[in-house]
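Shown next: query17.pdb, given as PDB, C-alpha atoms and all ligand atoms.
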```
ATOM      1  CA  MET A 296      13.272  14.305   4.452  1.00  0.00           C
ATOM      2  CA  GLY A 297      15.431  14.651   1.375  1.00  0.00           C
ATOM      3  CA  GLY A 298      14.742  17.332  -1.139  1.00  0.00           C
ATOM      4  CA  SER A 299      16.714  16.096  -4.082  1.00  0.00           C
ATOM      5  CA  GLY A 300      15.434  16.175  -7.612  1.00  0.00           C
ATOM      6  CA  ALA A 301      15.773  12.434  -8.171  1.00  0.00           C
ATOM      7  CA  LEU A 302      12.598  10.581  -9.018  1.00  0.00           C
ATOM      8  CA  LEU A 303      13.413   8.182  -6.219  1.00  0.00           C
ATOM      9  CA  PRO A 304      14.541  10.270  -3.250  1.00  0.00           C
ATOM     10  CA  PRO A 305      18.009   9.129  -2.152  1.00  0.00           C
ATOM     11  CA  ASP A 306      16.867   9.090   1.453  1.00  0.00           C
ATOM     12  CA  ILE A 307      14.741   6.075   0.559  1.00  0.00           C
ATOM     13  CA  ALA A 308      17.763   4.213  -0.700  1.00  0.00           C
ATOM     14  CA  SER A 309      19.965   5.201   2.238  1.00  0.00           C
ATOM     15  CA  ASN A 310      17.358   4.477   4.864  1.00  0.00           C
ATOM     16  CA  ASN A 311      16.753   0.868   3.942  1.00  0.00           C
ATOM     17  CA  GLU A 312      18.015  -0.378   7.271  1.00  0.00           C
ATOM     18  CA  ASN A 313      15.847   2.051   9.196  1.00  0.00           C
ATOM     19  CA  LEU A 314      12.882   1.095   7.074  1.00  0.00           C
ATOM     20  CA  ARG A 315      13.493  -2.554   7.756  1.00  0.00           C
ATOM     21  CA  ALA A 316      13.650  -1.851  11.479  1.00  0.00           C
ATOM     22  CA  ASP A 317      10.491   0.232  11.241  1.00  0.00           C
ATOM     23  CA  SER A 318       8.597  -2.451   9.401  1.00  0.00           C
ATOM     24  CA  GLU A 319       9.732  -5.087  11.894  1.00  0.00           C
ATOM     25  CA  GLU A 320       8.521  -2.827  14.668  1.00  0.00           C
ATOM     26  CA  LEU A 321       5.245  -2.389  12.815  1.00  0.00           C
ATOM     27  CA  MET A 322       4.901  -6.153  12.439  1.00  0.00           C
ATOM     28  CA  LYS A 323       5.504  -6.626  16.153  1.00  0.00           C
ATOM     29  CA  LYS A 324       2.936  -3.989  17.000  1.00  0.00           C
ATOM     30  CA  SER A 325       0.541  -5.555  14.524  1.00  0.00           C
ATOM     31  CA  LEU A 326       0.965  -8.980  16.100  1.00  0.00           C
ATOM     32  CA  ILE A 327       0.439  -7.598  19.581  1.00  0.00           C
ATOM     33  CA  GLY A 328      -2.594  -5.723  18.317  1.00  0.00           C
ATOM     34  CA  LEU A 329      -3.978  -8.819  16.658  1.00  0.00           C
ATOM     35  CA  VAL A 330      -3.601 -10.888  19.789  1.00  0.00           C
ATOM     36  CA  THR A 331      -5.378  -8.313  21.920  1.00  0.00           C
ATOM     37  CA  ALA A 332      -7.984  -7.142  19.449  1.00  0.00           C
ATOM     38  CA  ILE A 333      -8.462 -10.507  17.729  1.00  0.00           C
ATOM     39  CA  THR A 334      -9.680  -8.767  14.641  1.00  0.00           C
ATOM     40  CA  PHE A 335      -8.508 -10.364  11.453  1.00  0.00           C
ATOM     41  CA  ILE A 336     -10.754 -10.161   8.451  1.00  0.00           C
ATOM     42  CA  LEU A 337     -10.119 -12.031   5.243  1.00  0.00           C
ATOM     43  CA  THR A 338     -12.051 -11.152   2.142  1.00  0.00           C
ATOM     44  CA  GLY A 339     -11.512 -12.097  -1.465  1.00  0.00           C
ATOM     45  CA  CYS A 340     -12.563  -8.698  -2.630  1.00  0.00           C
ATOM     46  CA  GLY A 341     -14.354  -5.755  -1.177  1.00  0.00           C
ATOM     47  CA  ALA A 342     -18.032  -6.420  -0.908  1.00  0.00           C
ATOM     48  CA  SER A 343     -20.343  -3.468  -0.793  1.00  0.00           C
ATOM     49  CA  GLY A 344     -21.288  -2.752   2.801  1.00  0.00           C
ATOM     50  CA  ASP A 345     -18.138  -4.197   4.386  1.00  0.00           C
ATOM     51  CA  PRO A 346     -16.592  -1.783   6.903  1.00  0.00           C
ATOM     52  CA  ILE A 347     -13.544  -1.559   4.630  1.00  0.00           C
ATOM     53  CA  GLU A 348     -13.728  -2.102   0.883  1.00  0.00           C
ATOM     54  CA  VAL A 349     -10.629  -2.750  -1.184  1.00  0.00           C
ATOM     55  CA  ASP A 350     -11.425  -2.512  -4.892  1.00  0.00           C
ATOM     56  CA  ASN A 351      -9.838  -2.386  -8.330  1.00  0.00           C
ATOM     57  CA  GLY A 352      -6.286  -3.152  -7.229  1.00  0.00           C
ATOM     58  CA  TRP A 353      -3.765  -3.360 -10.022  1.00  0.00           C
ATOM     59  CA  VAL A 354      -0.015  -3.363 -10.475  1.00  0.00           C
ATOM     60  CA  ARG A 355       1.659  -1.743 -13.455  1.00  0.00           C
ATOM     61  CA  ALA A 356       3.498  -4.372 -15.502  1.00  0.00           C
ATOM     62  CA  MET A 357       7.170  -3.503 -15.988  1.00  0.00           C
ATOM     63  CA  PRO A 358       9.876  -4.791 -18.323  1.00  0.00           C
ATOM     64  CA  PRO A 359      11.913  -7.720 -16.993  1.00  0.00           C
ATOM     65  CA  GLY A 360      14.650  -6.556 -14.641  1.00  0.00           C
ATOM     66  CA  ALA A 361      12.783  -3.540 -13.292  1.00  0.00           C
ATOM     67  CA  LYS A 362      13.360  -3.174  -9.575  1.00  0.00           C
ATOM     68  CA  MET A 363      10.082  -1.506  -8.754  1.00  0.00           C
ATOM     69  CA  THR A 364       6.663  -0.642 -10.003  1.00  0.00           C
ATOM     70  CA  ALA A 365       3.547   1.051  -8.712  1.00  0.00           C
ATOM     71  CA  GLY A 366       0.338  -0.383  -7.324  1.00  0.00           C
ATOM     72  CA  TYR A 367      -3.040   1.310  -7.329  1.00  0.00           C
ATOM     73  CA  VAL A 368      -6.234   0.529  -5.452  1.00  0.00           C
ATOM     74  CA  THR A 369      -9.335   2.170  -4.073  1.00  0.00           C
ATOM     75  CA  VAL A 370     -10.090   1.842  -0.369  1.00  0.00           C
ATOM     76  CA  THR A 371     -13.478   2.841   0.989  1.00  0.00           C
ATOM     77  CA  ASN A 372     -14.082   3.498   4.671  1.00  0.00           C
ATOM     78  CA  ASN A 373     -17.656   2.481   5.484  1.00  0.00           C
ATOM     79  CA  GLY A 374     -16.944   2.708   9.216  1.00  0.00           C
ATOM     80  CA  LYS A 375     -18.049   5.354  11.679  1.00  0.00           C
ATOM     81  CA  GLY A 376     -14.596   6.770  12.340  1.00  0.00           C
ATOM     82  CA  GLU A 377     -11.340   7.594  10.638  1.00  0.00           C
ATOM     83  CA  LEU A 378      -9.511   4.696   9.038  1.00  0.00           C
ATOM     84  CA  ARG A 379      -5.744   4.527   8.777  1.00  0.00           C
ATOM     85  CA  VAL A 380      -3.925   2.594   6.089  1.00  0.00           C
ATOM     86  CA  LEU A 381      -0.851   1.171   7.834  1.00  0.00           C
ATOM     87  CA  GLY A 382       0.832  -0.648   5.005  1.00  0.00           C
ATOM     88  CA  ALA A 383       0.782  -3.408   2.439  1.00  0.00           C
ATOM     89  CA  SER A 384       2.724  -6.545   1.665  1.00  0.00           C
ATOM     90  CA  SER A 385       2.834  -9.210  -1.014  1.00  0.00           C
ATOM     91  CA  PRO A 386       4.760 -12.453  -1.424  1.00  0.00           C
ATOM     92  CA  PHE A 387       5.771 -11.206  -4.882  1.00  0.00           C
ATOM     93  CA  PHE A 388       7.525  -8.053  -3.637  1.00  0.00           C
ATOM     94  CA  GLY A 389      10.327  -7.572  -1.133  1.00  0.00           C
ATOM     95  CA  ARG A 390       8.741  -4.425   0.192  1.00  0.00           C
ATOM     96  CA  ILE A 391       5.768  -2.191  -0.487  1.00  0.00           C
ATOM     97  CA  GLU A 392       6.001   1.464   0.497  1.00  0.00           C
ATOM     98  CA  MET A 393       3.254   4.046   0.688  1.00  0.00           C
ATOM     99  CA  HIS A 394       4.066   7.061  -1.440  1.00  0.00           C
ATOM    100  CA  THR A 395       2.488  10.350  -2.246  1.00  0.00           C
ATOM    101  CA  THR A 396       3.262  12.717  -5.101  1.00  0.00           C
ATOM    102  CA  VAL A 397       4.100  16.353  -4.511  1.00  0.00           C
ATOM    103  CA  MET A 398       4.976  19.254  -6.763  1.00  0.00           C
ATOM    104  CA  ASP A 399       8.332  20.849  -5.948  1.00  0.00           C
ATOM    105  CA  ASP A 400       9.214  23.881  -8.063  1.00  0.00           C
ATOM    106  CA  GLY A 401       7.011  22.567 -10.834  1.00  0.00           C
ATOM    107  CA  VAL A 402       8.626  19.121 -10.727  1.00  0.00           C
ATOM    108  CA  GLN A 403       6.593  16.083  -9.733  1.00  0.00           C
ATOM    109  CA  LYS A 404       8.289  14.083  -7.000  1.00  0.00           C
ATOM    110  CA  MET A 405       7.429  11.076  -4.901  1.00  0.00           C
ATOM    111  CA  ARG A 406       7.600  11.069  -1.133  1.00  0.00           C
ATOM    112  CA  MET A 407       7.254   8.136   1.204  1.00  0.00           C
ATOM    113  CA  VAL A 408       4.588   8.518   3.875  1.00  0.00           C
ATOM    114  CA  ASP A 409       3.874   6.448   6.970  1.00  0.00           C
ATOM    115  CA  GLY A 410       0.182   6.003   6.255  1.00  0.00           C
ATOM    116  CA  TYR A 411      -2.980   7.370   4.745  1.00  0.00           C
ATOM    117  CA  LYS A 412      -6.071   8.558   6.590  1.00  0.00           C
ATOM    118  CA  ILE A 413      -9.563   8.016   5.240  1.00  0.00           C
ATOM    119  CA  ALA A 414     -12.501   9.876   6.778  1.00  0.00           C
ATOM    120  CA  PRO A 415     -15.709   7.922   7.440  1.00  0.00           C
ATOM    121  CA  GLY A 416     -17.769   7.515   4.303  1.00  0.00           C
ATOM    122  CA  GLU A 417     -14.851   8.497   2.089  1.00  0.00           C
ATOM    123  CA  SER A 418     -12.812   6.607  -0.474  1.00  0.00           C
ATOM    124  CA  LEU A 419      -9.092   6.904  -1.048  1.00  0.00           C
ATOM    125  CA  GLU A 420      -8.115   6.309  -4.648  1.00  0.00           C
ATOM    126  CA  LEU A 421      -4.480   5.414  -5.135  1.00  0.00           C
ATOM    127  CA  LYS A 422      -3.690   6.380  -8.720  1.00  0.00           C
ATOM    128  CA  ALA A 423      -0.943   7.538 -11.044  1.00  0.00           C
ATOM    129  CA  GLY A 424       0.368  11.015 -10.207  1.00  0.00           C
ATOM    130  CA  SER A 425      -1.114  10.826  -6.716  1.00  0.00           C
ATOM    131  CA  ASP A 426      -0.895   8.536  -3.694  1.00  0.00           C
ATOM    132  CA  HIS A 427       0.340   5.096  -4.727  1.00  0.00           C
ATOM    133  CA  LEU A 428       1.950   1.928  -3.481  1.00  0.00           C
ATOM    134  CA  MET A 429       5.621   1.664  -4.449  1.00  0.00           C
ATOM    135  CA  MET A 430       6.209  -2.013  -4.959  1.00  0.00           C
ATOM    136  CA  ARG A 431       9.892  -2.790  -4.692  1.00  0.00           C
ATOM    137  CA  PHE A 432      12.088  -5.821  -5.293  1.00  0.00           C
ATOM    138  CA  PRO A 433       9.714  -7.966  -7.366  1.00  0.00           C
ATOM    139  CA  ARG A 434      10.329 -11.691  -7.184  1.00  0.00           C
ATOM    140  CA  ASP A 435       9.050 -14.402  -9.505  1.00  0.00           C
ATOM    141  CA  LEU A 436       6.351 -12.113 -10.904  1.00  0.00           C
ATOM    142  CA  GLU A 437       6.160 -14.280 -14.031  1.00  0.00           C
ATOM    143  CA  THR A 438       4.799 -17.107 -11.859  1.00  0.00           C
ATOM    144  CA  ALA A 439       1.902 -14.981 -10.563  1.00  0.00           C
ATOM    145  CA  GLY A 440      -0.317 -15.560 -13.588  1.00  0.00           C
ATOM    146  CA  GLY A 441      -1.064 -11.857 -13.648  1.00  0.00           C
ATOM    147  CA  GLN A 442      -2.759 -12.015 -10.238  1.00  0.00           C
ATOM    148  CA  ILE A 443      -0.801 -10.500  -7.355  1.00  0.00           C
ATOM    149  CA  PRO A 444      -2.023 -11.227  -3.829  1.00  0.00           C
ATOM    150  CA  VAL A 445      -1.681  -8.109  -1.675  1.00  0.00           C
ATOM    151  CA  SER A 446      -2.388  -7.851   2.031  1.00  0.00           C
ATOM    152  CA  MET A 447      -3.282  -4.403   3.326  1.00  0.00           C
ATOM    153  CA  ALA A 448      -3.230  -3.499   7.016  1.00  0.00           C
ATOM    154  CA  PHE A 449      -5.577  -0.952   8.570  1.00  0.00           C
ATOM    155  CA  ARG A 450      -6.260   0.546  11.970  1.00  0.00           C
ATOM    156  CA  THR A 451      -9.789   1.612  12.768  1.00  0.00           C
ATOM    157  CA  THR A 452     -10.679   4.551  14.967  1.00  0.00           C
ATOM    158  CA  ASP A 453     -11.215   2.038  17.819  1.00  0.00           C
ATOM    159  CA  GLY A 454      -7.615   0.890  17.505  1.00  0.00           C
ATOM    160  CA  GLU A 455      -8.541  -2.412  15.938  1.00  0.00           C
ATOM    161  CA  LEU A 456      -6.069  -3.818  13.454  1.00  0.00           C
ATOM    162  CA  VAL A 457      -7.591  -5.272  10.333  1.00  0.00           C
ATOM    163  CA  SER A 458      -5.820  -7.098   7.541  1.00  0.00           C
ATOM    164  CA  ILE A 459      -7.518  -7.499   4.188  1.00  0.00           C
ATOM    165  CA  GLU A 460      -6.297  -9.799   1.457  1.00  0.00           C
ATOM    166  CA  SER A 461      -7.078  -8.896  -2.118  1.00  0.00           C
ATOM    167  CA  THR A 462      -5.774  -9.597  -5.591  1.00  0.00           C
ATOM    168  CA  PHE A 463      -4.129  -6.928  -7.694  1.00  0.00           C
ATOM    169  CA  GLU A 464      -4.192  -7.480 -11.434  1.00  0.00           C
ATOM    170  CA  LEU A 465      -0.880  -7.149 -13.246  1.00  0.00           C
ATOM    171  CA  ARG A 466      -1.617  -4.964 -16.281  1.00  0.00           C
ATOM    172  CA  GLN A 467      -0.199  -2.301 -18.584  1.00  0.00           C
ATOM    173  CA  SER A 468      -2.679   0.449 -17.804  1.00  0.00           C
ATOM    174  CA  ALA A 469      -5.527   1.365 -15.507  1.00  0.00           C
ATOM    175  CA  PRO A 470      -8.776  -0.573 -15.809  1.00  0.00           C
ATOM    176  CA  ASN A 471     -11.741   1.470 -16.979  1.00  0.00           C
TER     177      ASN A 471
HETATM  178 CU    CU B   1       6.508   6.070  -5.574  1.00  0.00          CU
END
```
Rewrite the structure from the file as structure tokens, please.
Ligand SMILES: [Cu+2]
Amino acid sequence: MGGSGALLPPDIASNNENLRADSEELMKKSLIGLVTAITFILTGCGASGDPIEVDNGWVRAMPPGAKMTAGYVTVTNNGKGELRVLGASSPFFGRIEMHTTVMDDGVQKMRMVDGYKIAPGESLELKAGSDHLMMRFPRDLETAGGQIPVSMAFRTTDGELVSIESTFELRQSAPN
């Protein structure tokens, strides 16, 4: 992993091809998993008591021409075992990466990670200065009406693959 001081690590930029291959591999695995597990849940928003709740998703509005922005959301694992967040996608972004924020010599830096783990009964809050979704290559955001559909993929402790659709609000700052 790169250790440069750039806000966006150069290894992200130079590894685009690898990332693409990885995400294609992930999609293949996901499809195979879906066929075998036949677990595909669609919910408009996280309802209390669902095994996985996806709440308060929002995307930080950026000036026109910006190539990326950040997305934040809270995921609650109401299941009996560990939940893994595998990734996210949206028709309004070319790619969504999972990032974390680390301190390196007193400087805040972002690092890409290959997933998040959520213990049973716990919530993971993606927020500024912490874990977040890096939403890259926006397309036609102005046509979204401020509502960004985001699909998040999860793997339960049983190996089931679950995809949850939710809507992230495009806004300038975090909702209260
Ligand atoms: Cu980031």
Within 12 Å of Asp435 in chain A using only C-alpha atoms, minus same-chain residues under 5 positions, as a list of chain:residue names: A:Pro359, A:Gly360, A:Ser385, A:Pro386, A:Phe387, A:Phe388, A:Gly389, A:Gly440, A:Gly441, A:Ile443
For ligand CU 1 (chain B), return the neighbouring residues as a ChimeraX atom specification (distance at most 8 Å; only C-alpha atoms and all ligand atoms). /A:303,365,392-396,405-407,427-429
Among the residues A:Lys404, A:Arg466, A:Arg431, A:Arg450, the one that comes closest to Met363 in chain A [using all atoms listed in the file]: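 Comparing A:Lys404, A:Arg466, A:Arg431, A:Arg450 against Met363 in chain A, the winner is A:Arg431.
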One decimal, in Å: what's the spacing between CA of Phe449 in chain A and CA of Val380 in chain A? 4.6 Å
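Taking all atoms listed in the file into account, Arg434 in chain A lies nearest to A:Lys362 out of the set A:Lys422, A:Lys362, A:Arg355, A:Lys412.
One distance worth recording is that between CA of Glu348 in chain A and CA of Met398 in chain A, which is 29.4 Å.
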Quick one: residues within 7 Å of Gly416 in chain A, all atoms listed in the file, excluding same-chain residues fewer than 4 positions away - as a PyMOL selection string? chain A and resi 372-374
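Shell of Ile413 in chain A at 7 Å, with all atoms listed in the file counted and residues fewer than 2 places along the chain excluded, is A:Asn372, A:Glu377, A:Leu378, A:Arg379, A:Tyr411, A:Pro415, A:Glu417, A:Ser418, A:Leu419.
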Restricting the calculation to all atoms listed in the file, which member of A:Ile391, A:Val397, A:Val457, A:Val354 is positioned closest to Ser425 in chain A?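 Closest candidate: A:Val397.
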So which one's closest to Ala448 in chain A, A:Thr364, A:Ser384, A:Thr462, A:Ala414? Using only C-alpha atoms, please.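 Closest to Ala448 in chain A, using only C-alpha atoms: A:Ser384.
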Give me, please, the distance in Å between CA of Arg390 in chain A and CA of Gln467 in chain A, quoted to one decimal.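 Interatomic distance here is 20.9 Å.
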Evaluate the PyMOL selection byres (((chain A and resi 446) around 7) and not hetatm) against this structure - the residues, as a ChimeraX atom specification, please. /A:383-385,444-445,447-448,458-461
Once 5 Å is added on each side, what are the centre and the three edge lengths, in Å to one decimal, of the axis-aligned box enclosing the listed atoms of range 419-432 of chain A? Present them as JSON.
```
{"center_x": 1.5, "center_y": 2.6, "center_z": -6.0, "size_x": 31.2, "size_y": 26.8, "size_z": 20.0}
```
For the file shown, report as a short mmCIF file (atom, residue, chain, number, x, y, z; two decimals) with C-alpha atoms, keeping the file's coordinate frame the outcome of the PyMOL selection byres (((chain A and resi 452) around 6) and not hetatm) at residue level.
```
data_model
loop_
_atom_site.label_atom_id
_atom_site.label_comp_id
_atom_site.auth_asym_id
_atom_site.auth_seq_id
_atom_site.Cartn_x
_atom_site.Cartn_y
_atom_site.Cartn_z
CA GLY A 376 -14.60 6.77 12.34
CA GLU A 377 -11.34 7.59 10.64
CA THR A 451 -9.79 1.61 12.77
CA ASP A 453 -11.22 2.04 17.82
CA GLY A 454 -7.62 0.89 17.50
#
```
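Minimum distance to Val349 in chain A across A:Phe432, A:Phe463, A:Glu455, A:Ala439 (counting only C-alpha atoms) occurs at A:Phe463.
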Given all atoms listed in the file as the counted atoms, nearest of A:Leu456, A:Leu421, A:Pro433, A:Asp399 to Trp353 in chain A: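 Counting all atoms listed in the file, the residue closest to Trp353 in chain A is A:Leu421.
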Just give me the residues with any atom within 7 Å of (-5.0, 1.1, -13.8), file coordinates, counting all atoms listed in the file, written as a PDB file with C-alpha atoms, in the coordinates of the input.
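Generated file (part00.pdb):
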```pdb
ATOM      1  CA  TRP A 353      -3.765  -3.360 -10.022  1.00  0.00           C
ATOM      2  CA  TYR A 367      -3.040   1.310  -7.329  1.00  0.00           C
ATOM      3  CA  SER A 468      -2.679   0.449 -17.804  1.00  0.00           C
ATOM      4  CA  ALA A 469      -5.527   1.365 -15.507  1.00  0.00           C
ATOM      5  CA  PRO A 470      -8.776  -0.573 -15.809  1.00  0.00           C
TER       6      PRO A 470
END
```
Could you model N, CA and C atoms for range 380-408 of chain A and present them as a CSV table (one decimal), keeping the file's coordinate frame?
```csv
chain,number,residue,atom,x,y,z
A,380,VAL,N,-4.6,3.6,6.9
A,380,VAL,CA,-3.9,2.6,6.1
A,380,VAL,C,-2.5,2.5,6.6
A,381,LEU,N,-2.2,1.3,7.2
A,381,LEU,CA,-0.9,1.2,7.8
A,381,LEU,C,0.2,0.7,6.9
A,382,GLY,N,-0.2,-0.1,5.9
A,382,GLY,CA,0.8,-0.6,5.0
A,382,GLY,C,0.3,-1.8,4.2
A,383,ALA,N,1.2,-2.3,3.3
A,383,ALA,CA,0.8,-3.4,2.4
A,383,ALA,C,2.0,-4.3,2.3
A,384,SER,N,1.7,-5.6,1.9
A,384,SER,CA,2.7,-6.5,1.7
A,384,SER,C,2.2,-7.6,0.6
A,385,SER,N,3.2,-8.2,0.0
A,385,SER,CA,2.8,-9.2,-1.0
A,385,SER,C,4.0,-10.2,-1.1
A,386,PRO,N,3.7,-11.5,-1.3
A,386,PRO,CA,4.8,-12.5,-1.4
A,386,PRO,C,5.6,-12.2,-2.7
A,387,PHE,N,5.1,-11.4,-3.6
A,387,PHE,CA,5.8,-11.2,-4.9
A,387,PHE,C,6.6,-9.9,-4.9
A,388,PHE,N,6.7,-9.2,-3.7
A,388,PHE,CA,7.5,-8.1,-3.6
A,388,PHE,C,8.3,-8.0,-2.3
A,389,GLY,N,9.5,-7.6,-2.4
A,389,GLY,CA,10.3,-7.6,-1.1
A,389,GLY,C,9.8,-6.6,-0.2
A,390,ARG,N,9.3,-5.5,-0.7
A,390,ARG,CA,8.7,-4.4,0.2
A,390,ARG,C,7.7,-3.6,-0.6
A,391,ILE,N,6.7,-3.1,0.1
A,391,ILE,CA,5.8,-2.2,-0.5
A,391,ILE,C,5.7,-0.9,0.4
A,392,GLU,N,6.0,0.2,-0.2
A,392,GLU,CA,6.0,1.5,0.5
A,392,GLU,C,4.8,2.3,0.1
A,393,MET,N,4.4,3.1,1.0
A,393,MET,CA,3.3,4.0,0.7
A,393,MET,C,3.9,5.4,0.3
A,394,HIS,N,3.5,5.8,-0.9
A,394,HIS,CA,4.1,7.1,-1.4
A,394,HIS,C,3.0,8.1,-1.7
A,395,THR,N,3.4,9.3,-1.7
A,395,THR,CA,2.5,10.4,-2.2
A,395,THR,C,3.3,11.1,-3.3
A,396,THR,N,2.6,11.9,-4.1
A,396,THR,CA,3.3,12.7,-5.1
A,396,THR,C,3.1,14.2,-4.8
A,397,VAL,N,4.2,14.9,-4.8
A,397,VAL,CA,4.1,16.4,-4.5
A,397,VAL,C,4.7,17.1,-5.7
A,398,MET,N,4.3,18.4,-5.8
A,398,MET,CA,5.0,19.3,-6.8
A,398,MET,C,6.0,20.1,-6.0
A,399,ASP,N,7.2,20.1,-6.5
A,399,ASP,CA,8.3,20.8,-5.9
A,399,ASP,C,9.0,21.7,-7.0
A,400,ASP,N,8.7,23.0,-7.0
A,400,ASP,CA,9.2,23.9,-8.1
A,400,ASP,C,8.8,23.4,-9.5
A,401,GLY,N,7.5,23.0,-9.5
A,401,GLY,CA,7.0,22.6,-10.8
A,401,GLY,C,7.4,21.2,-11.3
A,402,VAL,N,8.2,20.5,-10.4
A,402,VAL,CA,8.6,19.1,-10.7
A,402,VAL,C,7.9,18.1,-9.8
A,403,GLN,N,7.3,17.1,-10.5
A,403,GLN,CA,6.6,16.1,-9.7
A,403,GLN,C,7.6,15.1,-9.0
A,404,LYS,N,7.4,15.0,-7.7
A,404,LYS,CA,8.3,14.1,-7.0
A,404,LYS,C,7.5,13.2,-6.1
A,405,MET,N,8.1,12.0,-5.8
A,405,MET,CA,7.4,11.1,-4.9
A,405,MET,C,8.0,11.2,-3.5
A,406,ARG,N,7.2,11.1,-2.5
A,406,ARG,CA,7.6,11.1,-1.1
A,406,ARG,C,7.0,9.9,-0.4
A,407,MET,N,7.8,9.2,0.4
A,407,MET,CA,7.3,8.1,1.2
A,407,MET,C,6.5,8.7,2.4
A,408,VAL,N,5.4,8.1,2.7
A,408,VAL,CA,4.6,8.5,3.9
A,408,VAL,C,4.4,7.3,4.8
```
